[in-house]
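Have a look at input.txt; it's compact mmCIF, C-alpha atoms:
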```txt
# COMPACT_ATOMS: atom_id res chain seq x y z
CA MET A 469 -4.76 -13.05 -56.12
CA ASN A 470 -1.07 -13.74 -55.68
CA THR A 471 0.22 -15.09 -52.41
CA GLN A 472 3.62 -15.24 -50.81
CA GLU A 473 5.47 -18.43 -50.15
CA LEU A 474 4.42 -20.04 -46.88
CA VAL A 475 7.85 -19.64 -45.31
CA THR A 476 9.75 -16.73 -46.72
CA LEU A 477 11.61 -13.61 -45.73
CA VAL A 478 10.52 -10.43 -47.49
CA PRO A 479 12.89 -7.51 -46.81
CA TRP A 480 10.20 -4.86 -47.21
CA THR A 481 7.87 -6.67 -44.83
CA ILE A 482 10.68 -6.88 -42.28
CA ILE A 483 11.31 -3.14 -42.55
CA ALA A 484 7.61 -2.36 -42.43
CA GLN A 485 7.10 -4.58 -39.39
CA LEU A 486 10.05 -2.92 -37.64
CA CYS A 487 8.46 0.45 -38.30
CA ASN A 488 5.11 -0.89 -37.13
CA LEU A 489 6.62 -2.14 -33.89
CA PHE A 490 8.40 1.16 -33.37
CA ILE A 491 5.19 3.09 -33.97
CA GLN A 492 3.35 0.70 -31.68
CA VAL A 493 5.87 1.35 -28.90
CA LEU A 494 5.33 5.09 -29.27
CA LEU A 495 1.55 4.69 -29.35
CA ILE A 496 1.44 2.44 -26.32
CA LYS A 497 3.82 4.75 -24.47
CA HIS A 498 1.75 7.80 -25.27
CA PHE A 499 -1.72 6.37 -24.83
CA LEU A 500 -1.22 3.89 -22.00
CA PHE A 501 1.96 4.44 -20.03
CA LYS A 502 2.11 8.22 -19.93
CA PRO A 503 -1.43 8.84 -18.61
CA ILE A 504 -1.33 5.91 -16.20
CA LYS A 505 2.09 6.89 -14.88
CA ALA A 506 0.89 10.46 -14.47
CA VAL A 507 -2.17 9.41 -12.51
CA LEU A 508 -0.13 6.98 -10.39
CA GLU A 509 2.38 9.72 -9.68
CA LYS A 510 -0.41 12.10 -8.77
CA ARG A 511 -1.91 9.54 -6.42
CA LYS A 512 1.49 8.91 -4.85
CA GLU A 513 1.96 12.62 -4.28
CA LYS A 514 -1.46 12.84 -2.74
CA VAL A 515 -0.82 9.91 -0.43
CA ASP A 516 2.59 11.33 0.52
CA GLU A 517 0.95 14.65 1.25
CA GLN A 518 -1.66 12.98 3.41
CA ILE A 519 0.97 11.00 5.28
CA ARG A 520 2.98 14.16 5.83
CA GLN A 521 -0.11 15.96 7.12
CA ALA A 522 -0.94 13.08 9.42
CA GLU A 523 2.59 13.09 10.77
CA GLU A 524 2.41 16.83 11.33
CA ALA A 525 -0.90 16.49 13.16
CA ASN A 526 0.56 13.67 15.20
CA ALA A 527 3.58 15.75 16.20
CA GLN A 528 1.29 18.63 17.10
CA ALA A 529 -0.89 16.39 19.24
CA GLN A 530 2.22 14.98 20.88
CA ALA A 531 3.47 18.47 21.72
CA MET A 532 0.07 19.42 23.08
CA LYS A 533 -0.03 16.28 25.16
CA GLU A 534 3.38 17.02 26.61
CA ALA A 535 2.34 20.59 27.42
CA TYR A 536 -0.80 19.35 29.12
CA GLU A 537 1.12 16.79 31.10
CA LYS A 538 3.56 19.45 32.21
CA ASP A 539 0.70 21.73 33.22
CA ILE A 540 -1.00 18.98 35.12
CA ALA A 541 2.21 18.05 36.92
CA GLU A 542 2.74 21.70 37.85
CA ALA A 543 -0.81 22.04 39.07
CA GLN A 544 -0.45 18.88 41.12
CA GLY A 545 2.76 20.26 42.67
CA ARG A 546 1.06 23.53 43.43
CA ALA A 547 -1.92 21.77 44.96
CA GLY A 548 0.42 19.72 47.16
CA GLU A 549 2.20 22.87 48.30
CA ILE A 550 -1.07 24.61 49.07
CA LEU A 551 -2.33 21.55 50.93
CA ALA A 552 0.88 21.31 52.95
CA ALA A 553 0.74 25.02 53.76
CA ALA A 554 -2.90 24.73 54.80
CA GLN A 555 -2.14 21.74 56.98
CA LYS A 556 0.75 23.55 58.57
CA THR A 557 -1.37 26.64 59.20
CA ALA A 558 -4.16 24.53 60.65
CA SER A 559 -1.85 22.61 62.96
CA ASP A 560 -0.13 25.84 64.01
CA GLN A 561 -3.46 27.39 64.70
CA SER A 562 -4.72 24.44 66.69
CA ASP A 563 -1.49 24.34 68.66
CA ARG A 564 -1.81 28.01 69.44
CA MET A 565 -5.44 27.62 70.39
CA LEU A 566 -4.62 24.71 72.67
CA GLN A 567 -1.81 26.69 74.24
CA GLU A 568 -4.05 29.71 74.68
CA ALA A 569 -6.73 27.56 76.21
CA ALA A 570 -4.25 26.02 78.59
CA GLU A 571 -2.91 29.45 79.53
CA GLU A 572 -6.41 30.76 80.06
CA ALA A 573 -7.31 27.78 82.16
CA ALA A 574 -4.18 28.31 84.23
CA ALA A 575 -5.00 32.00 84.64
CA ILE A 576 -8.56 31.23 85.67
CA ARG A 577 -7.33 28.73 88.19
CA ALA A 578 -4.79 31.17 89.55
CA ARG A 579 -7.43 33.89 89.90
CA ALA A 580 -9.82 31.47 91.53
CA GLN A 581 -7.13 30.42 93.99
CA SER A 582 -6.25 34.00 94.80
CA ASP A 583 -9.98 34.79 95.24
CA ILE A 584 -10.35 31.85 97.52
CA ALA A 585 -7.35 32.94 99.52
CA GLN A 586 -8.67 36.48 99.77
CA GLU A 587 -12.11 35.28 100.82
CA LYS A 588 -10.53 33.08 103.37
CA ARG A 589 -8.48 35.96 104.72
CA LYS A 590 -11.54 38.15 104.76
CA ALA A 591 -13.54 35.52 106.59
CA VAL A 592 -10.77 35.01 109.12
CA ASN A 593 -10.62 38.77 109.68
CA GLU A 594 -14.37 38.97 110.11
CA VAL A 595 -14.35 36.11 112.55
CA LYS A 596 -11.56 37.83 114.43
CA ASN A 597 -13.54 41.08 114.56
CA ASP A 598 -16.67 39.25 115.58
CA ILE A 599 -14.92 37.31 118.31
CA GLY A 600 -13.34 40.51 119.59
CA GLY A 601 -16.74 42.25 119.54
CA ILE A 602 -18.37 39.35 121.33
CA ALA A 603 -15.66 39.23 123.92
CA VAL A 604 -16.04 42.94 124.53
CA GLU A 605 -19.80 42.52 124.76
CA ILE A 606 -19.50 39.56 127.10
CA ALA A 607 -17.08 41.48 129.20
CA GLY A 608 -19.49 44.43 129.30
CA LYS A 609 -22.32 42.21 130.30
CA VAL A 610 -20.27 40.50 133.00
CA ILE A 611 -19.43 43.82 134.39
CA GLU A 612 -23.04 45.04 134.22
CA ARG A 613 -24.61 42.39 136.45
CA GLU A 614 -24.32 39.28 138.50
CA ILE A 615 -24.86 36.42 136.46
CA SER A 616 -27.13 33.67 137.59
CA GLU A 617 -27.07 30.17 136.63
CA GLU A 618 -29.92 30.79 134.43
CA ASP A 619 -28.44 33.88 133.05
CA HIS A 620 -25.22 32.13 132.43
CA ARG A 621 -26.87 29.46 130.41
CA LYS A 622 -28.78 32.04 128.56
CA LEU A 623 -25.70 34.00 127.88
CA ILE A 624 -23.89 31.08 126.42
CA ASP A 625 -26.79 30.20 124.27
CA GLU A 626 -27.05 33.80 123.12
CA PHE A 627 -23.36 33.79 122.33
CA ILE A 628 -23.56 30.66 120.38
CA GLU A 629 -26.55 31.97 118.60
CA ASN A 630 -24.76 35.13 117.77
CA VAL A 631 -21.75 33.23 116.54
CA GLY A 632 -24.01 31.17 114.40
CA GLU A 633 -25.64 34.32 113.05
CA ALA A 634 -22.35 35.96 112.45
CA SER A 635 -20.85 33.13 110.57
CA MET B 1294 -10.25 -33.34 -49.82
CA ASN B 1295 -7.82 -30.66 -50.76
CA ILE B 1296 -6.26 -28.40 -48.20
CA ASP B 1297 -4.52 -25.31 -49.43
CA ILE B 1298 -2.17 -23.60 -47.01
CA THR B 1299 -0.40 -20.63 -48.54
CA GLY B 1300 1.50 -17.58 -47.38
CA ALA B 1301 0.03 -14.12 -46.93
CA LYS B 1302 -1.98 -12.65 -49.79
CA ILE B 1303 -0.40 -9.84 -51.81
CA PHE B 1304 -2.91 -7.04 -52.25
CA TYR B 1305 -0.82 -4.56 -54.20
CA THR B 1306 2.70 -4.46 -55.59
CA PHE B 1307 4.40 -1.14 -56.18
CA PRO B 1308 5.98 -1.13 -59.61
CA TYR B 1309 9.35 0.38 -58.66
CA ASP B 1310 12.04 -2.25 -58.11
CA PHE B 1311 14.55 -1.38 -55.40
CA PRO B 1312 18.10 -2.70 -55.83
CA VAL B 1313 18.30 -5.15 -52.95
CA LEU B 1314 14.89 -4.98 -51.31
CA GLY B 1315 12.82 -5.75 -54.37
CA LYS B 1316 9.31 -4.45 -54.92
CA PHE B 1317 7.32 -3.12 -52.03
CA GLN B 1318 4.19 -5.17 -51.56
CA ILE B 1319 1.13 -4.46 -49.51
CA THR B 1320 0.54 -7.93 -48.08
CA GLU B 1321 -2.10 -9.39 -45.81
CA THR B 1322 0.53 -9.40 -43.07
CA LEU B 1323 0.91 -5.63 -43.20
CA VAL B 1324 -2.80 -4.90 -43.43
CA VAL B 1325 -3.65 -7.14 -40.49
CA SER B 1326 -0.71 -5.65 -38.57
CA TRP B 1327 -2.23 -2.22 -39.03
CA ILE B 1328 -5.57 -3.56 -37.85
CA VAL B 1329 -3.85 -5.02 -34.78
CA MET B 1330 -2.10 -1.72 -34.11
CA ALA B 1331 -5.37 0.15 -34.43
CA ILE B 1332 -7.06 -2.28 -32.03
CA ILE B 1333 -4.27 -1.98 -29.44
CA THR B 1334 -4.16 1.80 -29.70
CA LEU B 1335 -7.92 2.18 -29.46
CA LEU B 1336 -7.91 -0.19 -26.48
CA CYS B 1337 -5.25 1.97 -24.80
CA ILE B 1338 -7.23 5.13 -25.48
CA TRP B 1339 -10.41 3.52 -24.17
CA LEU B 1340 -8.59 2.24 -21.08
CA THR B 1341 -7.04 5.57 -20.21
CA HIS B 1342 -9.82 8.06 -20.90
CA ASP B 1343 -11.31 9.85 -17.94
CA LEU B 1344 -8.60 8.89 -15.44
CA LYS B 1345 -9.12 9.82 -11.82
CA VAL B 1346 -6.81 9.99 -8.85
CA GLU B 1347 -9.22 8.36 -6.47
CA ASN B 1348 -12.46 6.41 -6.62
CA ILE B 1349 -11.31 4.80 -9.85
CA SER B 1350 -13.40 2.77 -12.25
CA ARG B 1351 -12.78 -0.90 -12.96
CA ARG B 1352 -11.52 0.11 -16.40
CA GLN B 1353 -8.87 2.33 -14.85
CA ALA B 1354 -7.96 -0.34 -12.32
CA LEU B 1355 -7.38 -2.73 -15.22
CA ALA B 1356 -5.23 -0.17 -17.03
CA GLU B 1357 -3.16 0.46 -13.91
CA MET B 1358 -2.85 -3.28 -13.36
CA ILE B 1359 -1.55 -3.75 -16.92
CA VAL B 1360 1.03 -1.00 -16.49
CA GLU B 1361 2.17 -2.29 -13.11
CA THR B 1362 2.30 -5.87 -14.32
CA ALA B 1363 4.49 -4.79 -17.24
CA ASP B 1364 6.67 -2.84 -14.82
CA HIS B 1365 7.07 -5.80 -12.47
CA PHE B 1366 7.63 -8.19 -15.34
CA VAL B 1367 10.49 -6.19 -16.82
CA VAL B 1368 12.05 -4.67 -13.70
CA GLY B 1369 11.59 -7.83 -11.65
CA ASN B 1370 13.30 -10.01 -14.24
CA ALA B 1371 15.96 -7.70 -15.61
CA GLY B 1372 16.54 -5.08 -12.95
CA GLU B 1373 15.93 -1.40 -12.45
CA LYS B 1374 18.12 -0.18 -15.34
CA PHE B 1375 15.75 -1.72 -17.88
CA ARG B 1376 12.79 0.35 -16.71
CA LYS B 1377 12.88 2.42 -19.88
CA LEU B 1378 12.31 -0.78 -21.86
CA VAL B 1379 8.92 -1.39 -20.25
CA PRO B 1380 6.88 0.24 -23.06
CA PHE B 1381 8.88 -1.68 -25.65
CA ILE B 1382 8.27 -5.03 -23.99
CA ALA B 1383 4.63 -4.14 -23.44
CA ALA B 1384 4.23 -3.18 -27.10
CA LEU B 1385 6.02 -6.35 -28.18
CA PHE B 1386 3.80 -8.52 -26.01
CA ALA B 1387 0.60 -6.74 -27.02
CA THR B 1388 1.44 -6.84 -30.73
CA SER B 1389 2.45 -10.48 -30.58
CA ALA B 1390 -0.55 -11.58 -28.52
CA PHE B 1391 -3.10 -9.65 -30.55
CA SER B 1392 -1.48 -10.75 -33.80
CA ASN B 1393 -1.74 -14.37 -32.70
CA LEU B 1394 -5.29 -14.04 -31.44
CA ILE B 1395 -6.65 -12.14 -34.43
CA SER B 1396 -6.81 -15.44 -36.28
CA LEU B 1397 -9.87 -16.11 -34.09
CA VAL B 1398 -11.90 -13.63 -36.14
CA GLY B 1399 -10.79 -15.22 -39.40
CA LEU B 1400 -7.97 -12.87 -40.35
CA ARG B 1401 -4.53 -14.22 -41.13
CA SER B 1402 -2.16 -13.64 -38.22
CA PRO B 1403 0.72 -11.31 -39.06
CA THR B 1404 2.81 -13.67 -36.95
CA ALA B 1405 2.12 -16.44 -39.47
CA ASP B 1406 4.60 -14.60 -41.69
CA LEU B 1407 8.24 -15.28 -40.84
CA SER B 1408 9.16 -11.74 -41.87
CA THR B 1409 7.31 -10.36 -38.84
CA GLU B 1410 9.16 -12.52 -36.36
CA ALA B 1411 12.41 -11.94 -38.23
CA ALA B 1412 11.94 -8.20 -37.78
CA TRP B 1413 11.27 -8.56 -34.05
CA ALA B 1414 14.04 -11.09 -33.44
CA GLY B 1415 16.49 -9.01 -35.46
CA LEU B 1416 15.64 -5.95 -33.37
CA VAL B 1417 16.01 -7.93 -30.15
CA PHE B 1418 19.33 -9.35 -31.36
CA ALA B 1419 20.57 -5.84 -32.13
CA MET B 1420 19.53 -4.72 -28.65
CA ILE B 1421 21.26 -7.70 -27.02
CA THR B 1422 24.46 -7.07 -28.96
CA ALA B 1423 24.35 -3.36 -28.16
CA GLN B 1424 23.85 -4.21 -24.49
CA LYS B 1425 26.78 -6.63 -24.54
CA ILE B 1426 29.07 -4.06 -26.16
CA LYS B 1427 27.86 -1.44 -23.70
CA SER B 1428 28.52 -3.60 -20.65
CA SER B 1429 31.87 -5.13 -21.60
CA GLY B 1430 33.18 -2.89 -24.39
CA LEU B 1431 33.73 -3.79 -28.03
CA GLY B 1432 36.97 -5.61 -27.24
CA GLY B 1433 35.38 -7.56 -24.43
CA TYR B 1434 32.45 -8.45 -26.66
CA LEU B 1435 34.71 -9.74 -29.45
CA LYS B 1436 36.95 -11.50 -26.97
CA GLY B 1437 33.94 -13.28 -25.56
CA PHE B 1438 33.73 -15.28 -28.78
CA THR B 1439 37.12 -16.91 -28.15
CA SER B 1440 36.25 -18.18 -24.71
CA PRO B 1441 36.99 -20.61 -23.25
CA ILE B 1442 39.56 -21.38 -25.99
CA PHE B 1443 40.25 -19.96 -29.41
CA VAL B 1444 39.05 -23.09 -31.19
CA MET B 1445 35.52 -22.48 -29.92
CA THR B 1446 35.14 -19.25 -31.92
CA PRO B 1447 33.07 -20.69 -34.81
CA PHE B 1448 30.74 -22.43 -32.39
CA ASN B 1449 30.36 -19.29 -30.34
CA ILE B 1450 29.48 -17.32 -33.45
CA LEU B 1451 26.99 -20.02 -34.39
CA SER B 1452 25.37 -20.00 -30.98
CA GLU B 1453 25.23 -16.21 -31.10
CA LEU B 1454 23.45 -16.32 -34.45
CA ALA B 1455 21.19 -19.10 -33.22
CA THR B 1456 19.65 -16.70 -30.71
CA PRO B 1457 17.61 -14.57 -33.15
CA ILE B 1458 16.94 -17.49 -35.47
CA SER B 1459 15.55 -19.68 -32.71
CA LEU B 1460 13.64 -16.73 -31.31
CA ALA B 1461 11.97 -16.03 -34.65
CA CYS B 1462 11.43 -19.63 -35.71
CA ARG B 1463 9.99 -20.71 -32.36
CA HIS B 1464 7.29 -18.14 -32.55
CA PHE B 1465 6.63 -18.55 -36.25
CA GLY B 1466 6.62 -22.33 -36.08
CA ASN B 1467 4.07 -22.44 -33.29
CA ILE B 1468 1.67 -20.09 -35.03
CA LEU B 1469 2.12 -21.76 -38.42
CA SER B 1470 1.62 -25.20 -36.94
CA GLY B 1471 -1.58 -23.92 -35.35
CA ILE B 1472 -2.80 -22.79 -38.76
CA VAL B 1473 -1.80 -26.07 -40.42
CA ILE B 1474 -3.43 -28.19 -37.74
CA ASN B 1475 -6.55 -26.03 -37.86
CA ALA B 1476 -6.79 -26.49 -41.62
CA LEU B 1477 -6.24 -30.22 -41.27
CA ILE B 1478 -8.91 -30.54 -38.61
CA TYR B 1479 -11.45 -28.55 -40.62
CA GLY B 1480 -10.66 -30.52 -43.76
CA SER B 1481 -10.76 -33.92 -42.13
CA LEU B 1482 -13.94 -33.16 -40.21
CA ALA B 1483 -15.59 -32.03 -43.45
CA VAL B 1484 -14.60 -35.32 -45.04
CA ALA B 1485 -15.80 -37.20 -41.99
CA SER B 1486 -19.18 -35.48 -41.96
CA ALA B 1487 -19.59 -36.02 -45.71
CA ALA B 1488 -18.89 -39.73 -45.23
CA LEU B 1489 -21.19 -39.95 -42.22
CA PHE B 1490 -24.20 -38.21 -43.76
CA GLY B 1491 -23.53 -39.86 -47.12
CA LEU B 1492 -24.77 -43.02 -45.44
CA ILE B 1493 -28.27 -41.56 -45.39
CA PRO B 1494 -29.89 -42.71 -48.62
CA GLY B 1495 -31.56 -40.46 -51.17
CA ALA B 1496 -31.62 -36.69 -51.59
CA VAL B 1497 -31.44 -35.96 -47.87
CA GLY B 1498 -28.08 -37.71 -47.61
CA ARG B 1499 -26.73 -35.91 -50.66
CA VAL B 1500 -27.68 -32.48 -49.31
CA LEU B 1501 -26.50 -33.15 -45.76
CA SER B 1502 -23.19 -34.61 -46.90
CA GLN B 1503 -22.37 -31.28 -48.59
CA ILE B 1504 -22.60 -29.47 -45.21
CA PRO B 1505 -19.59 -30.00 -42.91
CA VAL B 1506 -21.75 -30.42 -39.80
CA LEU B 1507 -18.89 -31.81 -37.70
CA ASP B 1508 -16.91 -28.60 -38.24
CA VAL B 1509 -19.22 -26.99 -35.68
CA GLY B 1510 -18.04 -27.44 -32.12
CA LEU B 1511 -14.91 -29.55 -32.02
CA PRO B 1512 -12.55 -27.07 -33.75
CA ALA B 1513 -13.69 -24.40 -31.30
CA ILE B 1514 -12.57 -26.58 -28.42
CA LEU B 1515 -9.25 -27.29 -30.07
CA SER B 1516 -8.78 -23.59 -30.77
CA VAL B 1517 -8.65 -23.01 -27.02
CA TYR B 1518 -5.27 -24.69 -27.17
CA PHE B 1519 -4.02 -23.86 -30.67
CA ASP B 1520 -5.12 -20.24 -30.75
CA TRP B 1521 -5.62 -18.99 -27.21
CA PHE B 1522 -3.01 -20.92 -25.27
CA THR B 1523 -0.32 -21.07 -27.94
CA GLY B 1524 -0.94 -17.49 -28.97
CA LEU B 1525 -0.60 -16.04 -25.48
CA MET B 1526 2.18 -18.47 -24.55
CA GLN B 1527 4.33 -17.60 -27.55
CA ALA B 1528 3.90 -13.87 -26.92
CA PHE B 1529 4.91 -14.42 -23.30
CA ILE B 1530 7.88 -16.64 -24.21
CA PHE B 1531 9.14 -14.18 -26.80
CA CYS B 1532 9.05 -11.30 -24.30
CA MET B 1533 10.48 -13.40 -21.48
CA LEU B 1534 13.40 -14.55 -23.62
CA THR B 1535 14.01 -11.00 -24.79
CA ILE B 1536 14.25 -9.80 -21.20
CA MET B 1537 16.40 -12.74 -20.14
CA TYR B 1538 18.83 -12.28 -23.01
CA LEU B 1539 19.07 -8.56 -22.24
CA ALA B 1540 19.57 -9.16 -18.53
CA ASN B 1541 22.28 -11.74 -19.26
CA ALA B 1542 23.94 -9.37 -21.71
CA ALA B 1543 23.98 -6.64 -19.08
CA GLU B 1544 25.58 -8.90 -16.48
CA GLU B 1545 28.60 -9.87 -18.52
```
Taking this structure as input, can you express it in the form of structure tokens?
Amino acid sequence: MNTQELVTLVPWTIIAQLCNLFIQVLLIKHFLFKPIKAVLEKRKEKVDEQIRQAEEANAQAQAMKEAYEKDIAEAQGRAGEILAAAQKTASDQSDRMLQEAAEEAAAIRARAQSDIAQEKRKAVNEVKNDIGGIAVEIAGKVIEREISEEDHRKLIDEFIENVGEAS
Amino acid sequence: MNIDITGAKIFYTFPYDFPVLGKFQITETLVVSWIVMAIITLLCIWLTHDLKVENISRRQALAEMIVETADHFVVGNAGEKFRKLVPFIAALFATSAFSNLISLVGLRSPTADLSTEAAWAGLVFAMITAQKIKSSGLGGYLKGFTSPIFVMTPFNILSELATPISLACRHFGNILSGIVINALIYGSLAVASAALFGLIPGAVGRVLSQIPVLDVGLPAILSVYFDWFTGLMQAFIFCMLTIMYLANAAEE
């Protein structure tokens, strides 16, 4: 079989090898780069989509968190108001009750004092009546008879006894 | 000992004689090139069948790694505007590397034929020149030959022409030297084993000395350098220089 020279340039081989390289570029582009690039692109899209979704979810959560915080702050404010109102009401009520109690106590004392005064007046009047009655009686008795020593003593005792009974 | 190192075999010669090109010959170079192309293409098809977006196989991971490595290699060295050259560089590297390594299975490397490298280097030279004209205009390109002074023009033209020649001859020389050294090693080891076993007297020595026992083992170790390392290295260097020349041409 014939062979080429060891070191030689054959125009047809050069052309054929150029064509071969060109075909090889097309083959490698079509069978390696195109499918791999497509799958890489697809994966990139998927990852981008996932990142976008995650960001969306994050924003949503953030908004929800803010809403909750606002709600909680409002509720806390409301609770404070209610508490303050309740405290005010309670202190008002206790003040009023204390005042009422004091007034009542004062009224009771006043009534008691007026009762005492009335009783005292009544007692004085009764004593006056009694003394008058006794004096009249004594006078009647003096007029009725001579009074002996004995009688006299007796009369005084009787008087005192009567006074003691009357009082 | 006779070592015969020849060029590629000619399988068939078409009878029609073209004016300048001569007769078209189906040579060993072309046939092995087609085998290499078939191997690369089948490898690509095998790598990229059944691709998935997630939960990928190791095969797909390898394919993606190859594509991304090629991307980084070209774009990282030459810049973003050469991204469309990635398949070309990948094809050049794959063809060169597989052509160099196919000698491991006993076929003659297509890259052991200067015509192959001449075709590649000529194409690369055309691309470099086109890039230079594109980036600085035809006038700027021609004017570049006269810099720094007019007297330098012949030397500039020489250095310009040296680019494809050195590119082609570097690659070819390395592969050819690998073949020559391989043949020398096999031949000399055969002689050595014949001499060694010839020392055994009688029929045993005569039979054993006909078998090149020493050819088993040592050449395989040496082929790690001369076939694997040189083969991959030259493919890498060729692609690297191509990218560097193109990037330089684009900067001017």
Chain B residues near chain A within 9 Å, closest pair each, using all atoms listed in the file, as CSV:
```
residue,atom,partner,partner_atom,distance
B:Ile1298,CA,A:Leu474,CA,7.5
B:Thr1299,CA,A:Leu474,CA,5.1
B:Gly1300,CA,A:Leu474,CA,3.9
B:Ala1301,CA,A:Gln472,CA,5.4
B:Lys1302,CA,A:Thr471,CA,4.2
B:Ile1303,CA,A:Thr471,CA,5.3
B:Phe1304,CA,A:Met469,CA,7.4
B:Val1313,CA,A:Pro479,CA,8.5
B:Leu1314,CA,A:Pro479,CA,5.5
B:Gly1315,CA,A:Trp480,CA,7.7
B:Lys1316,CA,A:Trp480,CA,7.8
B:Phe1317,CA,A:Trp480,CA,5.9
B:Gln1318,CA,A:Trp480,CA,7.4
B:Ile1319,CA,A:Thr481,CA,8.5
B:Thr1320,CA,A:Thr481,CA,8.1
B:Thr1322,CA,A:Thr481,CA,8.0
B:Leu1323,CA,A:Thr481,CA,7.2
B:Ser1326,CA,A:Asn488,CA,7.7
B:Trp1327,CA,A:Asn488,CA,7.7
B:Met1330,CA,A:Gln492,CA,6.4
B:Ile1333,CA,A:Ile496,CA,7.9
B:Thr1334,CA,A:Leu495,CA,6.4
B:Leu1335,CA,A:Phe499,CA,8.8
B:Cys1337,CA,A:Leu500,CA,5.3
B:Ile1338,CA,A:Phe499,CA,5.7
B:Leu1340,CA,A:Leu500,CA,7.6
B:Thr1341,CA,A:Leu500,CA,6.3
B:His1342,CA,A:Pro503,CA,8.7
B:Leu1344,CA,A:Val507,CA,7.1
B:Lys1345,CA,A:Val507,CA,7.0
B:Val1346,CA,A:Arg511,CA,5.5
B:Glu1347,CA,A:Arg511,CA,7.4
B:Gln1353,CA,A:Ile504,CA,8.5
B:Ala1356,CA,A:Ile504,CA,7.3
B:Glu1357,CA,A:Ile504,CA,6.2
B:Val1360,CA,A:Phe501,CA,6.6
B:Pro1380,CA,A:Lys497,CA,5.6
B:Phe1381,CA,A:Val493,CA,5.4
B:Ile1382,CA,A:Val493,CA,8.4
B:Ala1383,CA,A:Val493,CA,7.8
B:Ala1384,CA,A:Val493,CA,5.1
B:Leu1385,CA,A:Leu489,CA,7.1
B:Thr1388,CA,A:Leu489,CA,7.7
B:Ala1405,CA,A:Leu474,CA,8.6
B:Asp1406,CA,A:Val475,CA,7.0
B:Leu1407,CA,A:Leu477,CA,6.2
B:Ser1408,CA,A:Leu477,CA,4.9
B:Thr1409,CA,A:Gln485,CA,5.8
B:Glu1410,CA,A:Ile482,CA,8.3
B:Ala1411,CA,A:Ile482,CA,6.7
B:Ala1412,CA,A:Ile482,CA,4.9
B:Trp1413,CA,A:Leu486,CA,6.8
B:Leu1416,CA,A:Leu486,CA,7.7
B:Leu1469,CA,A:Leu474,CA,8.9
```
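When atom CA of Thr1422 of chain B is paired with atom CA of Ser1452 of chain B, their separation reads 13.1 Å.
Of note, atom CA of Gly1471 of chain B and atom CA of Val1417 of chain B are spaced 24.3 Å apart.
The space separating atom CA of Ile1426 of chain B from atom CA of Ala1543 of chain B comes to 9.1 Å.
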| message | Residues within 12 Å of Phe1448 of chain B, please, as a PyMOL selection string. Count all atoms listed in the file; anything in the same chain fewer than 6 positions from it doesn't count. | response | chain B and resi 1437-1442+1454-1455
Could you write out as AutoDock Vina command-line options the box around segment 596-615 of chain A (axis-aligned, all atoms listed in the file, 5 Å on each side), with centre and edge lengths in Å to one decimal?
```
--center_x -18.2 --center_y 40.7 --center_z 126.5 --size_x 23.3 --size_y 18.6 --size_z 34.1
```
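The environment of Phe1418 of chain B within 10 Å, counting all atoms listed in the file and disregarding residues fewer than 2 places along the same chain, consists of Ala1412, Trp1413, Ala1414, Gly1415, Leu1416, Met1420, Ile1421, Thr1422, Ala1423, Gln1424, Glu1453, Leu1454, Thr1456, Pro1457, Ile1458, Leu1460, Thr1535, Tyr1538 and Leu1539 of chain B.
Considering the residues B:Leu1482, B:Glu1321, B:Gly1432, B:Ile1332 and counting only C-alpha atoms, Leu1394 of chain B has its shortest atom-to-atom contact with B:Ile1332.
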